[in-house]
Each structure stands twice: as C-alpha cells, then as structure tokens.
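First comes the structure, then the notes that go with it.
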Amino acid sequence: MTLKIGVIGTGAIGQEHIERLSHKLIGSRVVAVNDINEQVAKEAVKRISIEAKFYADPHKLIKATEVDAVVVTSWGPTHEEFVLASIAAGKPVFCEKPLAVTAQGCKNIVDAEIAHGKRLVQVGFMRPFDSTYRQLKQALDNGEIGQPLLVNCKHFNPEVDDSYKTDMAIVDTFIHELDVLRWLLNDDYKSARVIYPRKTSKASSHLADPQIVILETVKGIVINTEIFVNCRYGYDIQCEVIGEDGIAYLPEPNQVTFRKAANLQRGILMDWKKRFIDAYDVELQAFINNVTSGEFTQGASAWDGYAAAVAADACVKAQQTGNIEPIEMPVTPAFYAQK
Ligand code: NAP
C-alpha cells in the first residue's frame, strides 16, 4: 500500500520532508500540498519533481479524498488548528514540533485524540530515532552504568539570527532535550531552574546566551544542560549520563580523525540538519509504518508533545523568576501508556 500524503507548509523542513517522502522512504507519495504562499508550494513541487495538487485551503487538503494522511510543517502557531482538523477528519497526522505553542493547545489535541478513540498523531521529535541516542539508551536500559544519577548535556549552535530571543532557547532549542531525556531516562520532570552565566558579546541585546537549565526528575536525577547558541565553533550536542557504576557518553557523530601538520584533528559539524539527517528519515518511515500497520507503536505521541510543552512552560517561567519552578505533569493516561 502506498500512503498518499498531504503536506501543509512547504518551507525549509516541509520541502525536506516532501523529498524524503517522495524519493527516499518506502510506501509513501506526496499527492497534495498547501502553503500560505502559493508560489513557494508550486516551486517546491516542481523542484522536487512530484505530481501534487496545490490546495489554497489547508482544511480542504485535510478533507480531500485522495489524502490518506497529513504532514504539518507550517509555522508553529498553526499546528494546533491543523492537527485538530486532521483528527476531526479521522486522518493520521505527523506534526513537526511544537505540537502546539501552548501546553493547553497540546492538551486540546490529546483530548481530541482520546475522544476519537484511536491514536492518529505523531510529533516530529526526531532525536529518539537517532542512532547515537539509541545506543546510549540501550546501554542505560541494559544497566551498564547502574541507576542514572546525574546527566550533563550541551546544546550548542554556531550562531542564531537576530529574531532569536531568550525564551526561544527553551521553546525552539532545549525542547529537543526535554523530549529526548524523558525517553532516555524513562522519567518525568519535577522542577526547573535557569541560571545565566556571563553573557557572550556575540549575542544580540534581546538574547541571554549562554543559559544553564537544571531539571530534577521524579526519580531524583539532576539534569544540567548548557545552552549556548552563539558558540561559533560548531553544532555540538553532548550528553553524559553518570550512573552508580560508571559514565555513559552519547557517541560523537562519525567523523574522520586526522593526524596532520602537528595536530590531532576531528571535525565538528556546523549544520544542525546534518547531525540528525538520518533520524528524520527513520522518524518519517516510522510514521508511514505506524499508519500502514494501523498501530502507532513508534515515535513521539501527542502526550509526549504535551509533556514537553508543560516542561517548557515551567522552564520559561524559571527564566523569568530565577526560582526553582515546579513541573506539574499529570499521570499518563492509559490510552498513551499502551505504546
Ligand atoms: P519555514 O521555513 O518558515 O516554513 C514554514 C512554512 O509554512 C512557510 O512556507 C510559511 O509561509 C508556511 N506557513 C505559515 N503559516 C501558514 C499557514 N497558516 N498555512 C500554511 N502554511 C503556512 O519554517 P521551518 O524551518 O520549515 O519550520 C517549520 C516547522 O518545523 C516549525 O514548527 C519548526 O519548529 C519545525 N522544525 C522542526 C525541526 C526539527 O528538528 N524537528 C527542524 C526545523 C523546523 P511564510 O514563510 O510565508 O510564512
């Protein structure tokens, strides 16, 4: 069976997902596209060499009989509307992060999906599909270092543009750690605190950079994450888990090591897209497989999207207050625990 997909939002990641759904992955075809900018969508269809109908109205695309499933890659504030419309139409939907821009928006989606009675939503958190994170999780689940006690992470970007503001370090950047660490540690968060070290001269006046977020989990694990989005030297994602019997490190991406000109050298990626490029493929293939098998067994659920949003809200509050802010996460409903 070939899954016929309609894509809403044909910007940067929308075009990348259309390419992989059309030319790389197994069992899918993009048959319909929508974007607020008709020309952008039509040019994308032409450049990617697919036959897909342009819909000026995203709601008509969602309801179209030739569309089996929807991929939402438009601007974040539109996600809730399009995901809710997909659920109302009974269509499976892959939504790029964030699921919605508020925790309440995510909860609305959770409630609609539970009322529908069957899982339809996968959220575009790709790190759990990355092979290096999977290796680290396997080591932890195998008990290689005993119980995890402390986690140190880095989320460094070479630079950001002028539109990037202090809260985006949480809602755009750290949101990936909020998702992946819950999955990695099989845990939920209890509290958040944010500390601002000395500010880099490379950051704009409206950005505090770097920042340190300290999370405590329900099991008592402390997670220390340095977020530094103007670090200049590379896109660098690090994670080290300190356990009772040892330390487990997130493997570095494969790069050739050089001994050359009196130096021992290893490259560091500059482009975030390259770091997780394979994970995006695996994640979207999982969506195709979830839909075609009729069982959503892989990938972030709407509940995971909600959990990340609840934690992000507390982190943003902690940025503003300087206090330790509680993260009050309700118990996972049985509907999502079956995963
Ligand atoms: P982008 O390049 O700005 O693309 C978004 C597209 O959606 C643009 O063409 C935009 O048009 C269009 N759009 C805006 N409002 C719309 C509406 N009401 N209906 C239909 N189309 C609309 O942004 P992007 O970088 O691709 O990001 C898109 C989403 O993916 C964001 O939520 C982002 O957080 C997420 N993302 C996730 C990852 C990840 O690692 N998982 C990576 C990148 C992006 P205009 O440009 O005319 O506004």
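Identifiers for the structure tokens are assigned positionally: chains receive A, B, ... in sequence, residues are indexed from 1 per chain, and ligands are indexed from 1 in the order shown.
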
(request) Residues within 8 Å of ligand 1, counting only C-alpha atoms and all ligand atoms: report them as an NGL selection string. (result) :A and (8-15 or 34-37 or 40-41 or 58 or 72-79 or 96-98 or 124-126 or 172 or 176 or 273 or 276 or 280)

(request) Name the residues of stretch 35-242 of chain A that fall into strand (DSSP E) according to DSSP on the backbone, using the chain letters and numbers of this document, as number ranges by chain. (result) A: 53-54, 69-72, 93-96, 121-124, 148-156, 189-195, 211-217, 222-228, 236-242

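Using only C-alpha atoms, the nearest neighbour of A:Ala139 within the list A:Tyr336, A:Ile324, A:Gly246, A:Gly6 is A:Gly246.
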
(request) Would you list the contacts of A:Lys137 as a list in words, taking every protein, DNA or RNA residue within 10 Å and counting only C-alpha atoms, but skipping same-chain residues closer than 4 positions in sequence? (result)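 So the residues in contact are Pro128, Ser131, Thr132, Tyr133, Asp141, Asn142, Gly143, Leu181, Trp183, Leu184, Leu185, Asn186, Ala248 and Leu250 of chain A.
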
How would the residues just picked look written out with N, CA, C and O atoms as an mmCIF file, in the first residue's frame?
```cif
data_model
loop_
_atom_site.group_PDB
_atom_site.id
_atom_site.type_symbol
_atom_site.label_atom_id
_atom_site.label_comp_id
_atom_site.auth_asym_id
_atom_site.auth_seq_id
_atom_site.Cartn_x
_atom_site.Cartn_y
_atom_site.Cartn_z
ATOM 1 N N PRO A 128 14.901 10.605 19.405
ATOM 2 C CA PRO A 128 14.827 9.182 19.778
ATOM 3 C C PRO A 128 15.040 8.231 18.586
ATOM 4 O O PRO A 128 15.220 7.033 18.791
ATOM 5 N N SER A 131 20.648 7.251 15.812
ATOM 6 C CA SER A 131 21.333 6.009 16.205
ATOM 7 C C SER A 131 22.218 6.217 17.438
ATOM 8 O O SER A 131 22.361 5.318 18.268
ATOM 9 N N THR A 132 22.796 7.412 17.611
ATOM 10 C CA THR A 132 23.679 7.607 18.773
ATOM 11 C C THR A 132 22.861 7.641 20.078
ATOM 12 O O THR A 132 23.256 7.056 21.087
ATOM 13 N N TYR A 133 21.711 8.315 20.043
ATOM 14 C CA TYR A 133 20.851 8.302 21.238
ATOM 15 C C TYR A 133 20.331 6.893 21.511
ATOM 16 O O TYR A 133 20.166 6.475 22.657
ATOM 17 N N ASP A 141 19.423 1.094 29.429
ATOM 18 C CA ASP A 141 18.394 0.070 29.680
ATOM 19 C C ASP A 141 19.019 -1.279 30.030
ATOM 20 O O ASP A 141 18.421 -2.066 30.766
ATOM 21 N N ASN A 142 20.233 -1.534 29.506
ATOM 22 C CA ASN A 142 20.938 -2.779 29.853
ATOM 23 C C ASN A 142 21.564 -2.722 31.246
ATOM 24 O O ASN A 142 22.178 -3.676 31.690
ATOM 25 N N GLY A 143 21.484 -1.572 31.889
ATOM 26 C CA GLY A 143 22.046 -1.427 33.235
ATOM 27 C C GLY A 143 23.561 -1.312 33.261
ATOM 28 O O GLY A 143 24.193 -1.581 34.286
ATOM 29 N N LEU A 181 15.266 13.419 26.702
ATOM 30 C CA LEU A 181 15.745 12.967 28.022
ATOM 31 C C LEU A 181 14.658 12.209 28.792
ATOM 32 O O LEU A 181 14.950 11.272 29.530
ATOM 33 N N TRP A 183 12.506 10.307 27.368
ATOM 34 C CA TRP A 183 12.545 8.978 26.713
ATOM 35 C C TRP A 183 13.790 8.194 27.150
ATOM 36 O O TRP A 183 13.706 7.014 27.487
ATOM 37 N N LEU A 184 14.918 8.891 27.189
ATOM 38 C CA LEU A 184 16.193 8.238 27.524
ATOM 39 C C LEU A 184 16.173 7.665 28.942
ATOM 40 O O LEU A 184 16.659 6.568 29.188
ATOM 41 N N LEU A 185 15.608 8.432 29.867
ATOM 42 C CA LEU A 185 15.676 8.073 31.286
ATOM 43 C C LEU A 185 14.409 7.373 31.786
ATOM 44 O O LEU A 185 14.342 6.994 32.954
ATOM 45 N N ASN A 186 13.395 7.235 30.927
ATOM 46 C CA ASN A 186 12.085 6.679 31.352
ATOM 47 C C ASN A 186 11.595 7.414 32.599
ATOM 48 O O ASN A 186 11.308 6.798 33.624
ATOM 49 N N ALA A 248 28.146 6.981 30.970
ATOM 50 C CA ALA A 248 27.868 6.643 29.564
ATOM 51 C C ALA A 248 27.779 7.951 28.778
ATOM 52 O O ALA A 248 27.098 8.891 29.206
ATOM 53 N N LEU A 250 27.014 9.994 25.102
ATOM 54 C CA LEU A 250 26.398 9.969 23.769
ATOM 55 C C LEU A 250 27.525 9.866 22.742
ATOM 56 O O LEU A 250 28.450 10.690 22.771
#
```

(request) Using only C-alpha atoms, pick whichever of A:Glu38, A:Glu252, A:Lys118, A:Asp57 has the shortest atom-to-atom distance to A:Gly294. (result) A:Lys118

(message) Can you measure atom CA of A:Ala314 to atom CA of A:Pro333 for me? One decimal in Å is fine.
(response)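 A separation of 21.2 Å between them.
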
(message) When you count only C-alpha atoms, which of these residues is closest to A:Cys153: A:Tyr306, A:Trp272, A:Phe94, A:Phe228?
(response) A:Phe228

(request) Fewer than 6 positions away in the same chain doesn't count, so skip those; otherwise give me all residues within 12 Å of A:Ser201, counting only C-alpha atoms, as number ranges by chain. (result) A: 207-210, 230-232

Selection from above, all heavy atoms, as a PDB file, in the first residue's frame, can you write it?
```
ATOM      1  N   LEU A 207      18.903  38.706  23.749  1.00  0.00           N
ATOM      2  CA  LEU A 207      19.158  37.278  23.985  1.00  0.00           C
ATOM      3  C   LEU A 207      20.172  37.079  25.105  1.00  0.00           C
ATOM      4  O   LEU A 207      21.307  37.565  25.022  1.00  0.00           O
ATOM      5  CB  LEU A 207      19.681  36.616  22.692  1.00  0.00           C
ATOM      6  CG  LEU A 207      20.151  35.167  22.829  1.00  0.00           C
ATOM      7  CD1 LEU A 207      19.011  34.263  23.277  1.00  0.00           C
ATOM      8  CD2 LEU A 207      20.737  34.659  21.514  1.00  0.00           C
ATOM      9  N   ALA A 208      19.750  36.340  26.131  1.00  0.00           N
ATOM     10  CA  ALA A 208      20.685  35.923  27.182  1.00  0.00           C
ATOM     11  C   ALA A 208      21.337  34.626  26.717  1.00  0.00           C
ATOM     12  O   ALA A 208      20.656  33.617  26.525  1.00  0.00           O
ATOM     13  CB  ALA A 208      19.923  35.702  28.484  1.00  0.00           C
ATOM     14  N   ASP A 209      22.631  34.656  26.512  1.00  0.00           N
ATOM     15  CA  ASP A 209      23.327  33.498  25.942  1.00  0.00           C
ATOM     16  C   ASP A 209      24.747  33.478  26.494  1.00  0.00           C
ATOM     17  O   ASP A 209      25.452  34.500  26.393  1.00  0.00           O
ATOM     18  CB  ASP A 209      23.342  33.666  24.408  1.00  0.00           C
ATOM     19  CG  ASP A 209      23.830  32.431  23.684  1.00  0.00           C
ATOM     20  OD1 ASP A 209      23.519  31.319  24.131  1.00  0.00           O
ATOM     21  OD2 ASP A 209      24.501  32.593  22.648  1.00  0.00           O
ATOM     22  N   PRO A 210      25.211  32.378  27.082  1.00  0.00           N
ATOM     23  CA  PRO A 210      24.545  31.084  27.286  1.00  0.00           C
ATOM     24  C   PRO A 210      23.558  31.081  28.459  1.00  0.00           C
ATOM     25  O   PRO A 210      23.453  32.058  29.202  1.00  0.00           O
ATOM     26  CB  PRO A 210      25.721  30.151  27.590  1.00  0.00           C
ATOM     27  CG  PRO A 210      26.768  31.029  28.195  1.00  0.00           C
ATOM     28  CD  PRO A 210      26.607  32.373  27.554  1.00  0.00           C
ATOM     29  N   ASN A 230      25.386  30.835  20.351  1.00  0.00           N
ATOM     30  CA  ASN A 230      26.344  31.645  19.572  1.00  0.00           C
ATOM     31  C   ASN A 230      27.760  31.176  19.880  1.00  0.00           C
ATOM     32  O   ASN A 230      28.670  31.984  20.067  1.00  0.00           O
ATOM     33  CB  ASN A 230      26.215  33.126  19.925  1.00  0.00           C
ATOM     34  CG  ASN A 230      24.987  33.764  19.310  1.00  0.00           C
ATOM     35  OD1 ASN A 230      24.941  33.981  18.098  1.00  0.00           O
ATOM     36  ND2 ASN A 230      23.985  34.043  20.125  1.00  0.00           N
ATOM     37  N   CYS A 231      27.926  29.852  19.924  1.00  0.00           N
ATOM     38  CA  CYS A 231      29.227  29.333  20.388  1.00  0.00           C
ATOM     39  C   CYS A 231      30.299  29.441  19.312  1.00  0.00           C
ATOM     40  O   CYS A 231      31.472  29.238  19.580  1.00  0.00           O
ATOM     41  CB  CYS A 231      29.083  27.891  20.854  1.00  0.00           C
ATOM     42  SG  CYS A 231      29.008  26.715  19.498  1.00  0.00           S
ATOM     43  N   ARG A 232      29.871  29.705  18.075  1.00  0.00           N
ATOM     44  CA  ARG A 232      30.759  29.922  16.928  1.00  0.00           C
ATOM     45  C   ARG A 232      31.440  28.664  16.375  1.00  0.00           C
ATOM     46  O   ARG A 232      31.529  28.503  15.184  1.00  0.00           O
ATOM     47  CB  ARG A 232      31.850  30.982  17.234  1.00  0.00           C
ATOM     48  CG  ARG A 232      31.282  32.391  17.418  1.00  0.00           C
ATOM     49  CD  ARG A 232      30.561  32.845  16.148  1.00  0.00           C
ATOM     50  NE  ARG A 232      30.167  34.242  16.156  1.00  0.00           N
ATOM     51  CZ  ARG A 232      28.946  34.675  16.475  1.00  0.00           C
ATOM     52  NH1 ARG A 232      28.005  33.821  16.813  1.00  0.00           N
ATOM     53  NH2 ARG A 232      28.663  35.961  16.422  1.00  0.00           N
TER      54      ARG A 232
END
```

(message) as an MDAnalysis selection string, please: every residue in stretch 32-125 of chain A that DSSP puts in helix (DSSP H, G or I).
(response) chainID A and resid 38:48 58:63 76:88 103:116

Please produce a file of those selected residues containing C-alpha atoms, as a PDB file, in the first residue's frame.
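Final output, out-v4.pdb:
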```
ATOM      1  CA  GLU A  38       1.173  29.505  -3.316  1.00  0.00           C
ATOM      2  CA  GLN A  39       4.297  30.193  -5.340  1.00  0.00           C
ATOM      3  CA  VAL A  40       6.585  28.630  -2.717  1.00  0.00           C
ATOM      4  CA  ALA A  41       4.474  25.456  -2.723  1.00  0.00           C
ATOM      5  CA  LYS A  42       4.283  25.211  -6.507  1.00  0.00           C
ATOM      6  CA  GLU A  43       8.009  25.807  -6.924  1.00  0.00           C
ATOM      7  CA  ALA A  44       8.733  23.120  -4.334  1.00  0.00           C
ATOM      8  CA  VAL A  45       6.545  20.614  -6.209  1.00  0.00           C
ATOM      9  CA  LYS A  46       8.373  21.435  -9.431  1.00  0.00           C
ATOM     10  CA  ARG A  47      11.857  21.314  -7.934  1.00  0.00           C
ATOM     11  CA  ILE A  48      11.219  18.004  -6.181  1.00  0.00           C
ATOM     12  CA  PRO A  58      -5.419  23.666   4.155  1.00  0.00           C
ATOM     13  CA  HIS A  59      -8.763  22.411   5.506  1.00  0.00           C
ATOM     14  CA  LYS A  60      -9.772  21.257   2.013  1.00  0.00           C
ATOM     15  CA  LEU A  61      -6.441  19.424   1.740  1.00  0.00           C
ATOM     16  CA  ILE A  62      -7.111  17.668   5.049  1.00  0.00           C
ATOM     17  CA  LYS A  63     -10.576  16.585   3.910  1.00  0.00           C
ATOM     18  CA  GLY A  76       4.290  26.579  14.863  1.00  0.00           C
ATOM     19  CA  PRO A  77       1.237  28.696  15.825  1.00  0.00           C
ATOM     20  CA  THR A  78      -0.822  26.981  13.056  1.00  0.00           C
ATOM     21  CA  HIS A  79      -0.103  23.418  14.216  1.00  0.00           C
ATOM     22  CA  GLU A  80      -2.918  23.031  16.737  1.00  0.00           C
ATOM     23  CA  GLU A  81      -5.595  24.039  14.206  1.00  0.00           C
ATOM     24  CA  PHE A  82      -4.345  21.646  11.513  1.00  0.00           C
ATOM     25  CA  VAL A  83      -3.790  18.704  13.863  1.00  0.00           C
ATOM     26  CA  LEU A  84      -7.269  19.117  15.378  1.00  0.00           C
ATOM     27  CA  ALA A  85      -8.775  19.287  11.875  1.00  0.00           C
ATOM     28  CA  SER A  86      -6.920  16.109  10.884  1.00  0.00           C
ATOM     29  CA  ILE A  87      -8.224  14.277  13.954  1.00  0.00           C
ATOM     30  CA  ALA A  88     -11.749  15.541  13.189  1.00  0.00           C
ATOM     31  CA  ALA A 103       0.555  23.335  26.852  1.00  0.00           C
ATOM     32  CA  GLN A 104      -3.213  23.916  26.732  1.00  0.00           C
ATOM     33  CA  GLY A 105      -3.111  23.679  22.928  1.00  0.00           C
ATOM     34  CA  CYS A 106      -1.322  20.314  23.222  1.00  0.00           C
ATOM     35  CA  LYS A 107      -3.875  19.191  25.812  1.00  0.00           C
ATOM     36  CA  ASN A 108      -6.701  20.082  23.400  1.00  0.00           C
ATOM     37  CA  ILE A 109      -5.095  17.719  20.874  1.00  0.00           C
ATOM     38  CA  VAL A 110      -4.643  14.972  23.491  1.00  0.00           C
ATOM     39  CA  ASP A 111      -8.329  15.293  24.476  1.00  0.00           C
ATOM     40  CA  ALA A 112      -9.472  15.202  20.828  1.00  0.00           C
ATOM     41  CA  GLU A 113      -7.353  12.133  20.083  1.00  0.00           C
ATOM     42  CA  ILE A 114      -8.598  10.269  23.167  1.00  0.00           C
ATOM     43  CA  ALA A 115     -12.190  11.183  22.219  1.00  0.00           C
ATOM     44  CA  HIS A 116     -11.521   9.822  18.719  1.00  0.00           C
TER      45      HIS A 116
END
```

(message) Just to confirm, what's the straight-line distance from atom CA of A:Tyr164 to atom CA of A:Asp304 in Å (one decimal)?
(response) 24.8 Å
